[in-house]
file input22.txt (compact mmCIF, C-alpha atoms and all ligand atoms)
# COMPACT_ATOMS: atom_id res chain seq x y z
CA MET S 1 8.21 31.55 8.46
CA ASP S 2 6.03 29.70 5.98
CA LYS S 3 3.41 31.78 4.28
CA VAL S 4 0.19 29.81 4.67
CA GLN S 5 -3.40 30.53 3.78
CA PRO S 6 -5.59 31.06 6.86
CA SER S 7 -7.73 28.03 5.88
CA VAL S 8 -4.61 25.82 5.70
CA THR S 9 -3.69 26.60 9.27
CA GLN S 10 -7.07 25.23 10.33
CA VAL S 11 -6.26 21.80 8.87
CA ASN S 12 -4.91 19.38 11.46
CA LYS S 13 -2.07 17.30 10.05
CA TRP S 14 -1.17 13.69 10.60
CA SER S 15 2.04 13.19 12.63
CA VAL S 16 5.32 13.40 10.69
CA MET S 17 5.83 9.64 11.09
CA SER S 18 2.34 8.89 9.68
CA ARG S 19 3.00 11.15 6.70
CA VAL S 20 6.35 9.50 6.01
CA PHE S 21 4.77 6.04 6.34
CA HIS S 22 1.99 7.03 3.92
CA TRP S 23 4.18 8.32 1.11
CA ILE S 24 6.90 5.65 1.35
CA SER S 25 4.13 2.97 1.22
CA ALA S 26 2.69 4.58 -1.91
CA LEU S 27 6.19 4.76 -3.46
CA LEU S 28 6.97 1.11 -2.61
CA LEU S 29 3.63 0.06 -4.11
CA LEU S 30 4.43 1.95 -7.31
CA VAL S 31 7.96 0.50 -7.57
CA THR S 32 6.75 -3.06 -6.81
CA TRP S 33 4.15 -2.71 -9.57
CA ALA S 34 6.72 -1.17 -11.98
CA MET S 35 9.02 -4.20 -11.46
CA ILE S 36 6.29 -6.72 -12.35
CA PHE S 37 5.32 -4.53 -15.31
CA LEU S 38 8.94 -4.55 -16.56
CA TYR S 39 9.15 -8.30 -15.94
CA GLY S 40 5.99 -8.85 -17.99
CA ASN S 41 7.49 -6.87 -20.85
CA THR S 42 11.06 -8.21 -20.79
CA ASP S 43 10.93 -11.61 -19.08
CA ASN S 44 14.21 -10.59 -17.39
CA SER S 45 14.43 -12.44 -14.04
CA LEU S 46 16.14 -9.41 -12.48
CA TYR S 47 12.76 -7.68 -12.41
CA ILE S 48 10.80 -10.52 -10.81
CA ASN S 49 13.50 -10.75 -8.12
CA LEU S 50 13.25 -7.00 -7.53
CA HIS S 51 9.43 -7.30 -7.53
CA LYS S 52 9.68 -9.83 -4.71
CA ALA S 53 12.30 -7.83 -2.79
CA PHE S 54 10.32 -4.58 -2.95
CA GLY S 55 7.11 -6.49 -2.15
CA VAL S 56 8.69 -8.00 0.98
CA SER S 57 10.01 -4.53 1.91
CA LEU S 58 6.46 -3.19 1.62
CA LEU S 59 5.26 -5.98 3.92
CA PHE S 60 7.80 -5.02 6.62
CA TRP S 61 7.03 -1.32 6.07
CA MET S 62 3.28 -1.93 6.49
CA LEU S 63 3.80 -3.95 9.69
CA ALA S 64 5.83 -1.05 11.11
CA ARG S 65 3.12 1.33 9.86
CA VAL S 66 0.40 -0.58 11.71
CA ILE S 67 2.41 -0.33 14.93
CA ASN S 68 2.88 3.41 14.31
CA ARG S 69 -0.86 3.76 13.60
CA VAL S 70 -1.84 2.05 16.85
CA PHE S 71 0.14 4.66 18.80
CA THR S 72 -0.96 7.64 16.67
CA LYS S 73 -3.98 9.76 17.43
CA ALA S 74 -5.75 10.61 14.15
CA PRO S 75 -6.35 14.33 13.65
CA PRO S 76 -10.04 15.23 14.02
CA ALA S 77 -11.88 14.60 10.71
CA VAL S 78 -12.64 17.62 8.53
CA ALA S 79 -16.31 18.61 8.42
CA MET S 80 -18.21 16.12 6.24
CA PRO S 81 -21.30 13.92 6.46
CA LYS S 82 -21.00 10.95 8.82
CA TRP S 83 -21.38 8.41 5.97
CA GLN S 84 -18.32 9.88 4.24
CA VAL S 85 -16.26 9.55 7.42
CA VAL S 86 -17.34 5.90 7.75
CA ILE S 87 -16.58 5.12 4.07
CA SER S 88 -13.15 6.75 4.31
CA GLN S 89 -12.30 4.79 7.46
CA LEU S 90 -13.41 1.52 5.84
CA THR S 91 -11.35 2.32 2.72
CA HIS S 92 -8.26 3.11 4.81
CA PHE S 93 -8.71 -0.11 6.77
CA ALA S 94 -9.11 -2.09 3.52
CA LEU S 95 -5.92 -0.54 2.09
CA TYR S 96 -3.95 -1.48 5.20
CA ALA S 97 -5.29 -5.06 5.06
CA LEU S 98 -4.72 -5.44 1.30
CA LEU S 99 -1.17 -4.06 1.39
CA ILE S 100 -0.33 -6.71 3.98
CA ALA S 101 -2.29 -9.58 2.37
CA MET S 102 -0.73 -8.96 -1.06
CA PRO S 103 2.95 -9.57 -0.19
CA VAL S 104 1.97 -12.42 2.16
CA ALA S 105 0.15 -14.13 -0.74
CA GLY S 106 3.18 -13.47 -3.02
CA LEU S 107 5.54 -14.92 -0.43
CA LEU S 108 3.37 -18.02 0.09
CA MET S 109 3.06 -18.48 -3.69
CA SER S 110 6.87 -18.54 -3.94
CA VAL S 111 7.67 -20.81 -1.00
CA TYR S 112 4.87 -23.32 -1.74
CA GLY S 113 6.36 -23.45 -5.24
CA GLY S 114 9.72 -24.34 -3.65
CA ARG S 115 11.42 -21.00 -4.38
CA PRO S 116 13.21 -19.14 -1.57
CA VAL S 117 12.88 -15.35 -1.74
CA ASP S 118 16.04 -13.27 -1.95
CA VAL S 119 15.74 -9.73 -0.57
CA PHE S 120 18.29 -7.51 -2.37
CA GLY S 121 21.03 -10.06 -1.65
CA LEU S 122 20.82 -9.02 2.01
CA PHE S 123 18.99 -12.07 3.30
CA GLN S 124 16.87 -14.94 2.05
CA ILE S 125 13.46 -16.13 3.17
CA PRO S 126 13.84 -19.91 2.96
CA VAL S 127 11.20 -22.42 1.86
CA PHE S 128 9.58 -22.76 5.29
CA VAL S 129 6.66 -24.95 4.16
CA GLU S 130 6.34 -28.30 2.40
CA ILE S 131 6.27 -27.76 -1.35
CA ASP S 132 2.66 -27.92 -2.51
CA ARG S 133 1.88 -27.01 -6.12
CA SER S 134 -1.85 -26.61 -5.60
CA ALA S 135 -1.28 -24.26 -2.63
CA ALA S 136 1.19 -22.30 -4.81
CA ARG S 137 -1.48 -22.02 -7.52
CA PHE S 138 -4.07 -20.93 -4.96
CA TYR S 139 -1.87 -18.09 -3.64
CA ASN S 140 -0.92 -17.14 -7.20
CA ASP S 141 -4.62 -16.72 -8.08
CA LEU S 142 -5.24 -14.85 -4.82
CA HIS S 143 -2.28 -12.54 -5.55
CA THR S 144 -3.06 -11.75 -9.17
CA ASP S 145 -6.82 -12.23 -9.61
CA ILE S 146 -8.35 -11.24 -6.26
CA ILE S 147 -6.15 -8.98 -4.13
CA TRP S 148 -4.53 -6.99 -6.95
CA PRO S 149 -7.85 -5.87 -8.53
CA MET S 150 -9.08 -4.96 -5.03
CA ILE S 151 -5.95 -2.82 -4.43
CA LEU S 152 -6.62 -1.05 -7.74
CA VAL S 153 -10.30 -0.38 -6.90
CA PHE S 154 -9.61 0.95 -3.39
CA THR S 155 -6.61 3.02 -4.51
CA VAL S 156 -8.55 4.64 -7.35
CA ALA S 157 -11.44 5.36 -4.94
CA HIS S 158 -8.96 6.77 -2.40
CA ILE S 159 -7.16 9.06 -4.85
CA GLY S 160 -10.51 10.00 -6.41
CA ALA S 161 -11.79 11.04 -2.97
CA ALA S 162 -8.61 13.08 -2.37
CA LEU S 163 -9.12 14.87 -5.73
CA PHE S 164 -12.80 15.43 -4.91
CA HIS S 165 -11.81 17.11 -1.64
CA GLN S 166 -9.13 19.15 -3.37
CA PHE S 167 -11.03 20.43 -6.40
CA ILE S 168 -14.75 20.17 -5.56
CA GLN S 169 -14.93 20.56 -1.77
CA LYS S 170 -11.82 22.76 -1.69
CA ASP S 171 -11.38 21.88 1.99
CA LYS S 172 -7.57 21.40 1.88
CA LEU S 173 -7.92 17.85 3.22
CA ILE S 174 -4.79 16.77 1.28
CA ASN S 175 -2.67 19.06 3.46
CA ARG S 176 -3.29 16.68 6.35
CA ILE S 177 -1.01 14.11 4.72
CA LEU S 178 1.56 16.42 2.99
C1 LIG Y 201 2.29 -5.34 -2.09
C2 LIG Y 201 3.20 -6.03 -2.73
C3 LIG Y 201 2.96 -6.64 -4.07
C4 LIG Y 201 2.22 -6.17 -5.12
C5 LIG Y 201 1.43 -4.88 -5.22
C6 LIG Y 201 2.32 -7.17 -6.18
C7 LIG Y 201 1.69 -7.07 -7.41
C8 LIG Y 201 1.76 -8.01 -8.41
C9 LIG Y 201 1.12 -7.90 -9.69
C10 LIG Y 201 0.26 -6.71 -10.14
C11 LIG Y 201 1.42 -9.01 -10.38
C12 LIG Y 201 1.03 -9.32 -11.84
C13 LIG Y 201 -0.31 -9.94 -11.92
C14 LIG Y 201 -0.65 -10.24 -13.35
O1 LIG Y 201 0.07 -11.04 -13.97
O2 LIG Y 201 -1.61 -9.66 -13.83
C15 LIG Y 201 2.27 -9.83 -9.57
C16 LIG Y 201 2.80 -11.05 -9.94
C17 LIG Y 201 3.68 -11.77 -9.18
N1 LIG Y 201 4.09 -11.49 -7.89
FE1 LIG Y 201 3.60 -9.85 -6.83
N2 LIG Y 201 3.11 -8.20 -5.75
C18 LIG Y 201 3.54 -7.91 -4.47
C19 LIG Y 201 4.36 -8.67 -3.67
C20 LIG Y 201 4.93 -9.87 -4.06
C21 LIG Y 201 5.82 -10.66 -3.24
C22 LIG Y 201 6.27 -10.31 -1.82
C23 LIG Y 201 6.15 -11.76 -3.97
C24 LIG Y 201 7.03 -12.93 -3.62
C25 LIG Y 201 7.87 -12.96 -2.61
C26 LIG Y 201 5.49 -11.66 -5.26
C27 LIG Y 201 5.59 -12.58 -6.28
C28 LIG Y 201 4.97 -12.47 -7.49
C29 LIG Y 201 5.14 -13.44 -8.57
C30 LIG Y 201 6.03 -14.69 -8.53
C31 LIG Y 201 4.33 -12.99 -9.62
C32 LIG Y 201 4.18 -13.63 -11.00
C33 LIG Y 201 2.96 -14.49 -10.99
C34 LIG Y 201 2.73 -15.07 -12.38
O3 LIG Y 201 3.30 -14.58 -13.35
O4 LIG Y 201 1.96 -16.00 -12.44
N3 LIG Y 201 4.75 -10.49 -5.27
N4 LIG Y 201 2.46 -9.20 -8.37
C1 LIG Y 202 -1.87 10.73 -5.13
C2 LIG Y 202 -1.93 9.78 -4.23
C3 LIG Y 202 -2.54 9.91 -2.86
C4 LIG Y 202 -3.14 10.96 -2.22
C5 LIG Y 202 -3.38 12.36 -2.76
C6 LIG Y 202 -3.53 10.52 -0.90
C7 LIG Y 202 -4.17 11.29 0.05
C8 LIG Y 202 -4.45 10.90 1.32
C9 LIG Y 202 -5.00 11.75 2.35
C10 LIG Y 202 -5.39 13.20 2.17
C11 LIG Y 202 -5.12 11.02 3.48
C12 LIG Y 202 -5.63 11.50 4.85
C13 LIG Y 202 -7.12 11.32 4.93
C14 LIG Y 202 -7.65 11.86 6.24
O1 LIG Y 202 -6.91 12.47 6.98
O2 LIG Y 202 -8.86 11.67 6.49
C15 LIG Y 202 -4.66 9.68 3.19
C16 LIG Y 202 -4.64 8.63 4.08
C17 LIG Y 202 -4.37 7.34 3.73
N1 LIG Y 202 -3.89 6.90 2.52
FE1 LIG Y 202 -3.52 8.05 0.88
N2 LIG Y 202 -3.19 9.20 -0.76
C18 LIG Y 202 -2.57 8.79 -1.92
C19 LIG Y 202 -2.09 7.54 -2.20
C20 LIG Y 202 -2.28 6.44 -1.41
C21 LIG Y 202 -1.96 5.09 -1.79
C22 LIG Y 202 -1.33 4.67 -3.12
C23 LIG Y 202 -2.30 4.31 -0.74
C24 LIG Y 202 -2.18 2.81 -0.62
C25 LIG Y 202 -2.55 2.01 -1.57
C26 LIG Y 202 -2.84 5.15 0.31
C27 LIG Y 202 -3.30 4.72 1.54
C28 LIG Y 202 -3.75 5.54 2.56
C29 LIG Y 202 -4.17 5.05 3.87
C30 LIG Y 202 -4.18 3.59 4.34
C31 LIG Y 202 -4.55 6.18 4.60
C32 LIG Y 202 -5.09 6.21 6.03
C33 LIG Y 202 -4.02 6.62 6.97
C34 LIG Y 202 -4.31 6.17 8.37
O3 LIG Y 202 -5.47 6.07 8.80
O4 LIG Y 202 -3.31 5.86 9.05
N3 LIG Y 202 -2.81 6.45 -0.14
N4 LIG Y 202 -4.25 9.64 1.88
call {"tool": "encode", "arguments": {"input": "input22.txt", "output": "structure tokens"}}
result
Amino acid sequence: MDKVQPSVTQVNKWSVMSRVFHWISALLLLVTWAMIFLYGNTDNSLYINLHKAFGVSLLFWMLARVINRVFTKAPPAVAMPKWQVVISQLTHFALYALLIAMPVAGLLMSVYGGRPVDVFGLFQIPVFVEIDRSAARFYNDLHTDIIWPMILVFTVAHIGAALFHQFIQKDKLINRIL
């Protein structure tokens, strides 16, 4: 039997599937970012191709995660002021939306630029639109200048809130997702 603190047993956890979805999404986000970081530092096309492949994987993963979320009952919120519950729900919603919008913008940037997207050599997403350089530029700007900074802001706020709960509130909220 696990030895758990009495206060831990009072924390209601997310379902196993929701916890797996959460951490694999975070990992895919980290790897997708690492690939574009390596590409920026080496200019090796292997990394941009992997960036796209992991990004597309994150898109599919997030779509599956939304379906899982629709059928999952959230555990009752830990005790906190109503405004904090509302802010956390808005932040979670924003993260879902951004993690879907980001790869969609990346995909549209590529196909409007006339480049099919290869996913780990397993399959290819063909150019399914008419090539349009200005649309490609628009989605490029959306991808890099709008959505990416928003992902950074919401992720920092999210992790900051988790650390606040862990070290200031000491309410074991993190255990809900572990
Ligand atoms: C959630 C998934 C994704 C994240 C977090 C992400 C993140 C990023 C970041 C941080 C950059 C660099 C921005 C900069 O230069 O400052 C970038 C660039 C780029 N991304 Fe993504 N990306 C994702 C998905 C995709 C997908 C699915 C594709 C294409 C199929 C894609 C194609 C590109 C391309 C071509 C660039 C280079 C743009 C340029 O150098 O002008 N990305 N991405
Ligand atoms: C060290 C990193 C992270 C920690 C400690 C963490 C912690 C948590 C915790 C404790 C919850 C549950 C909140 C609750 O039950 O009220 C949660 C949910 C969530 N996290 Fe994270 N998280 C981390 C990274 C990330 C990242 C990188 C993302 C995406 C960018 C993310 C997106 C989400 C989303 C969307 C939810 C809401 C789940 C739902 O409503 O289905 N998390 N996280």
call {"tool": "atom_distance", "arguments": {"input": "input22.txt", "atom1": "atom FE1 of ligand LIG 201 (chain Y)", "atom2": "CA of His51 (chain S)"}}
result
6.4 Å
call {"tool": "closest_atom_pairs", "arguments": {"input": "input22.txt", "of": "chain S", "to": "ligand LIG 202 (chain Y)", "cutoff": "7 Å", "atoms": "only C-alpha atoms and all ligand atoms", "output": "tab-separated table"}}
result
residue	atom	partner	partner_atom	distance
S:Trp14	CA	Y:LIG202	O1	6.9
S:Ser18	CA	Y:LIG202	O4	6.4
S:His22	CA	Y:LIG202	N1	6.0
S:Ser25	CA	Y:LIG202	C24	6.6
S:Ala26	CA	Y:LIG202	C22	4.2
S:Leu29	CA	Y:LIG202	C22	6.8
S:Arg69	CA	Y:LIG202	O4	5.6
S:Pro75	CA	Y:LIG202	O1	6.9
S:Ala77	CA	Y:LIG202	O2	6.0
S:Ser88	CA	Y:LIG202	O2	6.9
S:His92	CA	Y:LIG202	C30	4.1
S:Phe93	CA	Y:LIG202	C30	6.3
S:Leu95	CA	Y:LIG202	C30	5.0
S:Tyr96	CA	Y:LIG202	C30	5.1
S:Leu99	CA	Y:LIG202	C25	6.9
S:Ile151	CA	Y:LIG202	C25	6.6
S:Thr155	CA	Y:LIG202	C25	5.1
S:His158	CA	Y:LIG202	N2	6.5
S:Ile159	CA	Y:LIG202	C3	5.1
S:Ala162	CA	Y:LIG202	C5	5.3
S:Leu163	CA	Y:LIG202	C5	6.9
S:Leu173	CA	Y:LIG202	C10	5.4
S:Ile174	CA	Y:LIG202	C10	3.7
S:Asn175	CA	Y:LIG202	C10	6.6
S:Arg176	CA	Y:LIG202	O1	5.6
S:Ile177	CA	Y:LIG202	C10	5.1
call {"tool": "closest_residue", "arguments": {"input": "input22.txt", "among": "S:Gly121, S:Gly114, S:Pro149, S:Pro81", "to": "ligand LIG 201 (chain Y)", "atoms": "only C-alpha atoms and all ligand atoms"}}
result
S:Pro149
call {"tool": "atom_distance", "arguments": {"input": "input22.txt", "atom1": "CA of Lys52 (chain S)", "atom2": "CA of Tyr39 (chain S)"}}
result
11.3 Å
call {"tool": "closest_residue", "arguments": {"input": "input22.txt", "among": "S:Ala157, S:Met17, S:Asp145, S:Ala105", "to": "Ile87 (chain S)", "atoms": "all atoms listed in the file"}}
result
S:Ala157
call {"tool": "residues_near_ligand", "arguments": {"input": "input22.txt", "ligand": "ligand LIG 201 (chain Y)", "cutoff": "7 Å", "atoms": "only C-alpha atoms and all ligand atoms", "output": "list of chain:residue names"}}
result
S:Leu29, S:Thr32, S:Trp33, S:Ile36, S:Ile48, S:His51, S:Lys52, S:Ala53, S:Gly55, S:Val56, S:Leu58, S:Leu59, S:Leu99, S:Ile100, S:Met102, S:Pro103, S:Val104, S:Gly106, S:Leu107, S:Met109, S:Ser110, S:Val117, S:Asn140, S:His143, S:Thr144, S:Trp148
